[in-house]
Structures are given as C-alpha cells and as structure tokens.
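Student: Have a look at the structure that comes next, please.
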Amino acid sequence: MIGLLKSMATTMKHALDGNTFTVEYPETAPEVSPRFRGVHKFSQERCIWCRQCENVCPNDTIQIVTDDQRNGEQYNLHIGQCIYCRLCEEVCPVDAILLTQNFEFTGDTKDDLVYNKEQLKNVPWYKDIDPLESREPDRGAWIGEGEGELDYQ
Amino acid sequence: MSTQKETPDKPVVEGVDYDALEDLLGETVIDRESHLNAEGFVVRPDEVQDALFTLRDEAGFDHLSCLTAQEYEDRYESIYHLKKYDDPTEEVSVVVPTSKEEPVSQTAEPVYRTADWHEREAYDLIGIDYDGHPDLRRILLPETWQGHPLGKDYDQDKPQLVSFDEHANPLQEDHADAESDTMFVNIGPHHPATHGVLHLETTLDGETVADVDPDVGYLHRCEEQMAQQGTYRHQIMPYPDRWDYSSAGLLNEWAYARAAEDLADLDVPEYAQVIRTMGAELCRIAGHMLAVGTFALDVYGDFTAIFMYAMRDREKVQTILEDLTGQRMMFNYFRLGGVAWDLPEPRDEFFEKTRDFLDDLPEALEEYHDLMTGNEIFQSRCLDTGILEPEAAKSLGATGPVARGSGIDYDLRRDDPYGYYDELDWDVVTEDGCDNYSRVLVRLQEVEQSAKIIQQCIDLLEDWPEEDRDIQSNVPRTLKPDPDTEIYRAVEGAKGELGIYIRSDGTDKPARFKIRSPCFHNLSTLPEMANGEFLADMIASLGSLDIILGEVDR
Amino acid sequence: MIAQQKTLLPDRVSGLLGLGQYGVAGDLVAAFLAAFLVGNLMLAMTGVAGPWAKRKITAAFTDRIAVDRIGPFGLFIIVADAVRLLSKELIIPKNADRPAFDLAPIVVASSALLGFAVIPMGTGIHLADPEVGLAYVFAVAGIASIGLAMGGYASANKYSLLGGLRAIAQNIAYEIPLVITGASVVIFTGTLQMSEIVAQQADPLVTVAGITIPSWFAFVNPFAFVLFVVANLAEVGRNPFDTPEAPTEIVAGYQTEYSSVYFVLFYLGEFLHIFLGGAIIATVFLGGPAGPGPAALGIVWFTIKIWAVFLLTQWFRSAIPRVRIDQLIQIGWKGMLVLSFANLVLTAIIVGVIV
C-alpha cells in the first residue's frame, strides 16, 4: 500500500510543480547543437567536381552529372533518402558541401525532396548558426555564395 | 577455408588449448583452420552434433554465440562460433562445409536450442538444409519467398511472384485443431504492445497462452547485405546505428569497429577509447531508459507517467550525445581507428552538462523505483512471472540484461574487455529472480553503473593532456584486409552480446558480413517464458526482453 | 445546513411553462424537457472531460503541455475532435452480428444516462425520486455490462470477445461488493430514496473548533467509502482495473472494432459511467449537493464532487499499474466481497446496538 501511495505522490508532485519538458514547436524552436547534421548546403563556387562525395555516399544519395570535359553540370541530392551521416562533408577537400543545422523541410512528393544545386545553394542556415565554427579545426570559414576567392570552374 | 597468415602481434586467442580440443574431438575433425578470433575445426556435415556435444559437455563451450552461413564458389559453409559463458574469451569455431549439390548439414538444435533460429535464418538467407531440424521454415523472409538471397546464384532482379492461393486468409485456422477449445490470436504485427512490427502467433486457452510463436522479419532491411556492399573505411559505419535504433547506436558502431579494427589490425588511441567508452555508456543509459519506460507502458497500460519521465531523462542523454556526435540517434560517430570528433568546445561546458545529468540521475532513478519497483501492484504483476531459468537462458543464447536477470554473470565489457572498461571501476549487475522484475531491476541498476563509468571517463578526459588528444590513429583511406581472413568479435550492446563476423576477400568490401543480434536471441526465449502463463504476463515478458525489431530483423 | 429541494425538476418545468393543465401529456412533455436538460448537462461534462480535460490532466501528470492550439487553453479542441470523430468512416466488420453490434454502444451510453434520473444534483435538479432510488441506479448502471458483452461478442473479433468476457467477469465480481457496500449505508439511512439519503447526511457529526463536520457517510464510515470507491473503479473499468480494455494486451477490448459515431458513443458511455459512479459516490457518501454557501450552489458542489472522482480516476491512470485479470477476479471475489460483507455485518451490529 505504501508503494502505491508513493507512486501517486510522485505523479502528483510532477503534476503540481508545473514543469513541462515538451515545447510548443514551432513557436519555441528547439536548440540544436553546433554539430547537428541537417540539410545540406552546397557551394558551386567551391566545388571542384572531384566526385568524392558521390563515391563515399553509402546509399547513392548524391548524383553528379558532368560533361565529357569533366565539367560539372548537375549536382542533385535526394534529401529524403539521405541518412545524414556527414561522410560527404568529411571527404570534401574544399568544403563545398556542408550539413547545416536546418532540419525543417517538407515535400508533397518524393520528387520534391530531390534538391538540385540551386535548391541546395538556397538552403538557409538554421537560426543563423554557421556550423563550420564547430567543425574540425582549421577547415576555414565556409564562404558565402559568390564571395569565394577561388573559382574552380 | 582460410589459411591465416601468422601475424605475431595478433595472436590467436590465448587460454584455449586447441590441440587438446582436437584430440578430444578425435576423428570428427577433418581439418583445421585459423580465424582471427579462434581456431576452427572443420567437421563433416553428418557429425556436427557429435562434435558440438563433445565441445559443450566435455570442453565447456556452453554458448553458441553465432552461426554464420555462407556460400563459397565451391561449397556452402556453416560456422558455429562457440564461447563459454564463464569466459567468453575462450572461443572455438566449428566449421561445417557442405557440398554445392547437396547442401545438407546436421542440425545443432539438440545441442544448443538457440541453433533453432540460427539455422532457420541460415536456411532462409543462404539455403543450407539442416537435417533433423524440428521446424526448418523461413524466418526473416515471407514463407512464399523464392530463392535464398545471400546465395551466389540468387537473381536479385527476378520479381517475386506469389500466387493468389498462397495468400489465402491466414486467419482461417483459428483453432489448434477442430476439437480443442483453444483460440488462435494474431498479436501484431500492429499491436500496441509489440514494440514495432512483431507478429506473435499466439494460441490462447482462455486467458492462458498455450503456445506462442514469434514471427519476425517485418523489418528486415538486408543490413548484412548492405554492409557487404559498403567499404570498410566509411560506408558501413552509418548503418549499425540503424540496427538497435533505441539510441544505442554507439554500442552497435563499436561492434563493427571492434571487428573491423581487429581484422585490419588498426590501433585506437587511448584518448579515443575513453571517448568511445563514455559515449557508449551514454547510449546504454538512453537505451535502458527506453526499455524501462516501454516496459512500464506494457504493465501499466495507458500512456503513463513513468514512460514520459523515462523519455524525459532519455532526452537529456540524447542532448549530450547530440553535442558530442552531432545527431540524436543516428550518430555515425565512430571511425575505424578512433572517433570522428573530439569533445565539443568549450569542453568545460560539455563536462558540466554531463555532470549535471549525472547528478540528477540518482533522483530520477529514485522516482523510477517509487513508481515501479516499489509499487505493490507492479510487484504482483512482475515477480515470478515470465520465468527464464538460467539453463534455458544459456541454451537459448540469451545475453545482456535478460541473461543477467536470470543470474548469469556474463558481461563482455568485463569478461572480454575492450575499450577502456578494464581500467575503470564498475560492477556487473546480476539478479537471481529469473523473472520480469529481475530484468527491470538489472536495467535500472545498470543505468547506475553506466553513470559511474561515465563519471570516471569525464574525470579522465578532463585531465587528459592537451598534446595527447589523438582521436584517430592513422588509417589508410582504403582498407583492403588480407583475403580470406575471418573474424568474429562481439561487444556488449544495450541488449546483450552484439557480434560481427567478417570475412574479407581482398577487396575494400567484406565478402561476408554477419550480425549476431542480441535481440534476435533474446526474443527466441519468449515461448520459454510465456507458455502456460497469462496473456498479460506474456506481454510483460515481451516488454522485459526489450527487443528492438530493427535489430531482430536487421 | 441546506434544506433539500423537495420539488422535482419535471414539476418545476411544468410549473414554469404551465404544462400542468394538459394532464398526462403535459407531464410527459415536462418530464421530457427536464430529462433533456439533465442529459445535456451530463453530456456536456463528458464532452469537456473526454477530449480536453483527460488530456490536460494526463499531460500535467506526465510533464507535458497537451492540447493548447485551438481556443483558450485549447478548449476548442472539443469541437475539432467532435467533428473529426463524427466525420470518420463508420467501418462495420463483415461478420458483425448486426443488430447487436449497433445496439451495444447505445446500450452503454444510455444506461449511464438513465442512472442520472434519480440523482439529486442540487439547485432543484432532480428528475425523479422513487423510493427504490439506490437500487434503481445500481440496476441501470449494471445494464452497461450487457452492452459491453454485446459489443464484444458482435464484433466478430477475438480481442473484442476477450474484452467482452473480461468485462462481464469483472462487472459481476465487483457489482456485488459495490451493492453490498451501498447497502451498509442503507442500514444507516433505513431508506433507498436518494433525497432521503442526502437529507440524512446533512446532520452535523461533530463540531471541531467551530467547524461543523456533517455526517457524510464518508466520514461516518470511511472504510465503506474506500471500499465503494475501489469497487466503483472496477465497475467503470478504470485503472488499475481497466482489464476489459487493456490496450497493451487486447488492443482495445470490446471496442476494438468500433469506429466513428459508434466509437464516440462508447467513449461517451465510458465517461458517463465515470461520472455516474462519481454521482453515486457523491450522493451516498459525500452529502450529494451539500456544501458551504447557499443551497442554490448545490449543483456547483455536486459538479465539483463528481469531477473530483473523475480526477481521481485519471490520477490512478497515471500512477498505478493494471492488475492482471486473474488478480482482478481474486481481488474481487476473495478480497472485496469478504470485506464488503464484513463491513455490512459490522455496520448492522453497530447500528443495531446504537439505535
């Protein structure tokens, strides 16, 4: 009987203290850690079309189309199929691809979740967090679109 | 058969006198081969039981850890990985080759009951026929599946045509036989208490379970095959997170990391080992929180407080893990030879956050004890229900909290040390009750022990000299282990012994990748626990096994 | 202490509208109007309890926020849920035993509503006051078991069947202790008439430091009160005695196959039964509509009392595990029955000695 009463006391204590651990999303956007891996962002200016990300991707999420001169034409990423392992970012020698903190994306069909390079470029930062600060040291700042010093194309 | 090159720095497991074993086995041994973890005795397919009986009864190998079946160009092969519950470092393999034309091998089921499910899986995926097996049906794939998908001649592009009459109403037969008073009930695959897509074919006699047959495979995602198509270096590591997805990802990653690192002879810096140990124990807490919470859900019934409290505490762990690894569940944090990232900067903040969690944990656990273990109705529901005797548990290959709840003192972290565990001060928790209550108690106490380990890891990491913080050893970008090297390694996952068998073929991808899933074996103990008990107790027993269907079905 | 309203609600309606001159037809209309009023009052409470209060209460116990999107405190979720539930497709299993399948939810819901007819709710809301009031309310509440068994059997579903069987076993096991414990109160009162039971509880029991404690039977015989509350929990199938539904074991028991309107009726019926249980507890043990303040506040006190019982059921739901069916039956036949008879005999002896 004591145990039952203790159970009831414990739950009542929680009911009365008024603390909740759920939040009202989206009014209260959750904090994500700097290392969080969300939707990709891609910089065509930086990309050297080495195709390492395509090779390392465990489930063929990235598709790169080049012409016969090996100039990059398309960079498609199936965001609905991605497992957010961050291997593409890890192998990229020029930081052309980066997983942002942004986890909010929708699509009505699977096709909507295939992002081309324009869409990947326009993926917004989440809460203006620049994830590279938290990444491996010495990888340099991930420069914004069009501001890059180097044009690898 | 592999001819293992002797590498002096990687000696075959010591402690077992293989020559004596060979003498013991006598004429049944026709050949001998070396695996990285143990010697393998090649046995004729019709003498399997003789060999295994001898090894079990006279040499004490009472644990059939895993059965790996595979197809070579010229033969089929079943490898029985045997261990001892008393000392899992003492291993031996029994290799049973069978011919291509007639892949029939004697069953091991009379020796180890766990071979029942193992051999069904081998039959299902590879196509080896086990002679004398009591119930050789497919286990992961549907009954109507054509072909054996891990066999060499399997055509993946061939559509699976299933004729309509094979889809006859499975509910038609609802009595065990025409005269009996029993009732057949499908519990699952969509049922509030099956924790996923598990199907229990249950025969009820009133409220009593007359017979239960777990039907698994609904979540079979070809994880083994996916691993065989990935490169050692990068592409396999994201997938272990998806076996036991109850936030126990790092523990699973460690299973792969341990096997692959031993296979490719990679070192892991000590600093990375400490981080691994800490992360793994955080995962164990998260996994056990979910286990305890959902078990409470099964016993309490409604969406009750204890479940939400457990989830709340699990969220705290996940936040710490997110800071560390970048993800809440699918971590992909381990790399061969180390980990992906050092601790997050600022380190003090991370330590403080973790310490805060550890400081709050005893209070939270106290609450669980108030709500669960101290509650008289909970006790009356869980004490002496779902009994799993130690002998049955061993024979059925139960490991982890399920085995420890049956009084089996078996924990790979201590018995087969890896990582940094042997340097730390902690205890293996066992309970002798053999019932649902003991299993819950074991989990709750293991959370305390994990907290103790994390505490020590944090202290170590805090004082670690800055110049010595190697998180990864130097690992070649492409790993190509020597051809025909075989290894079986296991770690203590959240649910028990999680083993990986890898055979290399000289390429950068494994030729055979086998997962020994603890949940798979723990689930096979359900009929032992539930037959003759009440329906409600069966549900509680199922909850106390803490199965994750992603790991059962792989 | 509050003088009980002696006029019944139909008579007052009749008086207000001047229906008395139409004879029997007038009485019928008046009775209908009054019943309509009471029925809607209870249904409204159920409407608040089911989609909103239950969620909010559970959320409070589990540290969550729960519905808060539509309207103040998320109250309009009631409307949204009503529309959602009613607009769902009504799926009827192929092998369902049709008339029984359709009747079951109606029987469950209406049996509870019938019970409210004899409950004095204060502020003059009291539909009928037969001399056998207490027996009547137990009788109609018991009809629900038939509805549950019907639903369970007619659904052509094994889980439903198990649920229906459990419901029957449970209701039989706990109906007897419930009625016996109620009878121990009747020994005090000497009458089954609800208004009389309430009136007798108005007398002061003791006066401590200027505060007069009324002789509510919960104070006079707390043992019987506890027995009654526990038996009532089982009777309405709430935790820890919710085995007929037992979501983790038999999905949803007798209501597994019910959808849309039928499901709503079952759901309403369950909540009505909780409230009816609360109303019986309030009337028999807690002085009915009695409370501080003028008699006109009777209905407020009454509502508070039955909501307190509802809150208790939700509290148990969050804190106490479900007992197994065999334990439930054991507690019923070996525990509750014996205790309730002991209570009856003791009460009889005490009353016999004192009076």
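By order in the structure tokens, chains are A, B, ...; within a chain, residues start at 1; ligands start at 1, following the order shown.
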Set the cut-off to 9 Å and count only C-alpha atoms: what are the residues of chain C that reach chain A? Output as a list in words.
Tutor: Ile57, Thr58, Ala59, Ala60, Phe61, Thr62, Asp63, Arg64, Ile65, Ala66, Asp68, Trp315, Phe316, Ser318, Ala319 and Ile320 of chain C
Student: Next, write the just-selected residues to a file, as an mmCIF file, in the first residue's frame, keeping C-alpha atoms as the atom set.
Tutor:
data_model
loop_
_atom_site.group_PDB
_atom_site.id
_atom_site.type_symbol
_atom_site.label_atom_id
_atom_site.label_comp_id
_atom_site.auth_asym_id
_atom_site.auth_seq_id
_atom_site.Cartn_x
_atom_site.Cartn_y
_atom_site.Cartn_z
ATOM 1 C CA ILE C 57 -4.825 16.071 -16.659
ATOM 2 C CA THR C 58 -2.677 13.309 -18.102
ATOM 3 C CA ALA C 59 -0.327 15.907 -19.512
ATOM 4 C CA ALA C 60 0.041 17.521 -16.117
ATOM 5 C CA PHE C 61 0.973 14.190 -14.587
ATOM 6 C CA THR C 62 3.464 13.457 -17.335
ATOM 7 C CA ASP C 63 5.116 16.875 -17.549
ATOM 8 C CA ARG C 64 3.701 17.752 -20.909
ATOM 9 C CA ILE C 65 1.660 20.643 -22.302
ATOM 10 C CA ALA C 66 -1.074 18.846 -24.253
ATOM 11 C CA ASP C 68 -3.306 24.231 -26.462
ATOM 12 C CA TRP C 315 -4.643 10.108 -11.233
ATOM 13 C CA PHE C 316 -4.817 6.362 -10.803
ATOM 14 C CA SER C 318 -1.106 7.792 -14.421
ATOM 15 C CA ALA C 319 0.262 6.200 -11.313
ATOM 16 C CA ILE C 320 -0.970 2.670 -10.837
#
Student: Distance cut-off 12 Å, counting only C-alpha atoms - which residues of chain C neighbour chain B? Return them as an MDAnalysis selection string.
Tutor: chainID C and resid 54:55 57:64 157:163 165:166 238:252 256 314:328 331
Student: Restrict the selected residues to C-alpha atoms and save them as a CSV table (one decimal), in the first residue's frame.
Tutor:
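The result, written out as selection-v9.csv:
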chain,number,residue,atom,x,y,z
C,54,LYS,CA,-8.5,14.0,-19.8
C,55,ARG,CA,-5.6,15.1,-22.0
C,57,ILE,CA,-4.8,16.1,-16.7
C,58,THR,CA,-2.7,13.3,-18.1
C,59,ALA,CA,-0.3,15.9,-19.5
C,60,ALA,CA,0.0,17.5,-16.1
C,61,PHE,CA,1.0,14.2,-14.6
C,62,THR,CA,3.5,13.5,-17.3
C,63,ASP,CA,5.1,16.9,-17.5
C,64,ARG,CA,3.7,17.8,-20.9
C,157,ASN,CA,-13.1,-10.1,-33.3
C,158,LYS,CA,-11.1,-12.2,-30.9
C,159,TYR,CA,-9.8,-9.2,-29.0
C,160,SER,CA,-13.3,-7.9,-28.6
C,161,LEU,CA,-14.5,-11.2,-27.4
C,162,LEU,CA,-11.8,-11.4,-24.8
C,163,GLY,CA,-12.6,-7.8,-23.8
C,165,LEU,CA,-15.7,-11.7,-21.4
C,166,ARG,CA,-13.4,-9.8,-19.2
C,238,ARG,CA,-10.7,2.4,-14.9
C,239,ASN,CA,-7.1,1.8,-13.8
C,240,PRO,CA,-6.0,-0.2,-12.1
C,241,PHE,CA,-9.0,-2.3,-13.2
C,242,ASP,CA,-9.1,-1.4,-16.9
C,243,THR,CA,-8.5,-5.0,-17.9
C,244,PRO,CA,-11.6,-5.1,-20.3
C,245,GLU,CA,-9.8,-2.6,-22.5
C,246,ALA,CA,-6.2,-3.3,-21.6
C,247,PRO,CA,-4.7,-1.6,-24.7
C,248,THR,CA,-1.3,-3.4,-24.4
C,249,GLU,CA,-2.9,-6.8,-24.1
C,250,ILE,CA,-6.1,-6.9,-26.1
C,251,VAL,CA,-5.8,-3.8,-28.2
C,252,ALA,CA,-9.0,-2.0,-27.0
C,256,THR,CA,-11.7,-2.6,-30.9
C,314,GLN,CA,-7.1,10.0,-14.0
C,315,TRP,CA,-4.6,10.1,-11.2
C,316,PHE,CA,-4.8,6.4,-10.8
C,317,ARG,CA,-4.4,6.0,-14.5
C,318,SER,CA,-1.1,7.8,-14.4
C,319,ALA,CA,0.3,6.2,-11.3
C,320,ILE,CA,-1.0,2.7,-10.8
C,321,PRO,CA,-0.3,-0.4,-12.9
C,322,ARG,CA,-3.1,-2.5,-14.2
C,323,VAL,CA,-3.8,-5.7,-12.4
C,324,ARG,CA,-3.9,-9.0,-14.3
C,325,ILE,CA,-7.3,-10.5,-15.0
C,326,ASP,CA,-6.9,-13.4,-12.6
C,327,GLN,CA,-5.6,-11.0,-9.9
C,328,LEU,CA,-8.6,-8.8,-10.6
C,331,ILE,CA,-9.3,-9.3,-5.5
Student: Residues of chain A that approach chain B to 12 Å or less, counting only C-alpha atoms: could you list each one with the shortest pair of atoms and its distance in Å to one decimal, rows by chain and increasing residue number, as CSV?
Tutor:
residue,atom,partner,partner_atom,distance
A:Met1,CA,B:Glu376,CA,6.6
A:Ile2,CA,B:Asn375,CA,7.8
A:Gly3,CA,B:Asn375,CA,4.2
A:Leu4,CA,B:Asn375,CA,5.2
A:Leu5,CA,B:Asn375,CA,8.4
A:Lys6,CA,B:Asp370,CA,6.0
A:Ser7,CA,B:Leu371,CA,4.6
A:Met8,CA,B:Leu371,CA,8.1
A:Ala9,CA,B:Asp370,CA,9.2
A:Thr10,CA,B:Glu367,CA,7.0
A:Thr11,CA,B:Ala305,CA,6.9
A:Met12,CA,B:Ala305,CA,10.2
A:Lys13,CA,B:Glu367,CA,10.8
A:His14,CA,B:Ala305,CA,9.1
A:Ala15,CA,B:Ala305,CA,9.9
A:Asn19,CA,B:Arg312,CA,11.6
A:Thr20,CA,B:Arg312,CA,9.6
A:Phe21,CA,B:Arg312,CA,6.8
A:Thr22,CA,B:Arg312,CA,8.8
A:Pro30,CA,B:Thr319,CA,11.0
A:Glu31,CA,B:Thr319,CA,9.5
A:Val32,CA,B:Glu322,CA,8.0
A:Ser33,CA,B:Asp323,CA,5.3
A:Pro34,CA,B:Asp323,CA,7.2
A:Arg35,CA,B:Gly326,CA,4.4
A:Phe36,CA,B:Gly326,CA,4.0
A:Arg37,CA,B:Gly326,CA,5.8
A:Gly38,CA,B:Gln327,CA,9.0
A:Gln52,CA,B:His234,CA,11.9
A:Cys53,CA,B:His234,CA,11.3
A:Glu54,CA,B:Gln235,CA,11.7
A:Asn55,CA,B:Gln235,CA,9.6
A:Val56,CA,B:Gln235,CA,6.7
A:Cys57,CA,B:Gln235,CA,7.0
A:Pro58,CA,B:Gln235,CA,4.9
A:Asn59,CA,B:Gln235,CA,8.5
A:Asp60,CA,B:Gln235,CA,10.8
A:Cys82,CA,B:Pro238,CA,11.1
A:Ile83,CA,B:Pro238,CA,7.9
A:Tyr84,CA,B:Met330,CA,8.1
A:Cys85,CA,B:Asn332,CA,5.9
A:Arg86,CA,B:Asn332,CA,8.2
A:Leu87,CA,B:His234,CA,7.3
A:Cys88,CA,B:His234,CA,10.2
A:Glu89,CA,B:Ala340,CA,12.0
A:Glu90,CA,B:Ala340,CA,9.2
A:Val91,CA,B:His234,CA,9.8
A:Leu99,CA,B:Gly326,CA,10.3
A:Thr100,CA,B:Gly326,CA,10.9
A:Gln101,CA,B:Gly326,CA,9.5
A:Phe103,CA,B:Gln327,CA,11.3
A:Pro131,CA,B:Gly326,CA,10.6
A:Glu133,CA,B:Glu345,CA,9.9
A:Ser134,CA,B:Glu345,CA,7.5
A:Arg135,CA,B:Trp341,CA,8.2
A:Glu136,CA,B:Trp341,CA,7.2
A:Pro137,CA,B:Trp341,CA,10.0
Student: So that I can see what lies close to Leu67 of chain B, please list as a list of chain:residue names the residues with an atom at most 10 Å from it, counting only C-alpha atoms and leaving out residues fewer than 3 positions away in the same chain.
Tutor: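 Everything that qualifies: B:Leu64, B:Gln70, B:Ser78, B:Ile79, B:Tyr80, B:His81, B:Leu82, B:Ser93, B:Val94, B:Val95, B:Thr114, B:Ala115, B:Trp117, B:His118, B:Glu119, B:Glu121, B:Ala122, B:Tyr501, B:Lys514, B:Ile515, B:Arg516.
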Student: Write to file, as a CSV table (one decimal), in the first residue's frame, the residues of the selection just made, with C-alpha atoms.
Tutor:
chain,number,residue,atom,x,y,z
B,64,LEU,CA,26.6,-20.9,-29.2
B,70,GLN,CA,27.9,-18.5,-46.3
B,78,SER,CA,28.2,-23.1,-41.6
B,79,ILE,CA,30.4,-21.7,-38.9
B,80,TYR,CA,29.3,-22.3,-35.3
B,81,HIS,CA,31.0,-19.7,-33.1
B,82,LEU,CA,31.2,-21.2,-29.6
B,93,SER,CA,34.7,-22.3,-34.2
B,94,VAL,CA,33.2,-25.4,-35.7
B,95,VAL,CA,33.2,-25.1,-39.5
B,114,THR,CA,19.4,-21.3,-30.0
B,115,ALA,CA,20.6,-23.1,-33.1
B,117,TRP,CA,16.5,-19.8,-35.0
B,118,HIS,CA,20.1,-19.5,-36.3
B,119,GLU,CA,19.7,-22.4,-38.7
B,121,GLU,CA,18.0,-17.9,-40.7
B,122,ALA,CA,20.8,-19.7,-42.5
B,501,TYR,CA,31.6,-11.8,-38.3
B,514,LYS,CA,27.1,-11.4,-40.3
B,515,ILE,CA,25.4,-9.7,-37.4
B,516,ARG,CA,24.8,-11.6,-34.2
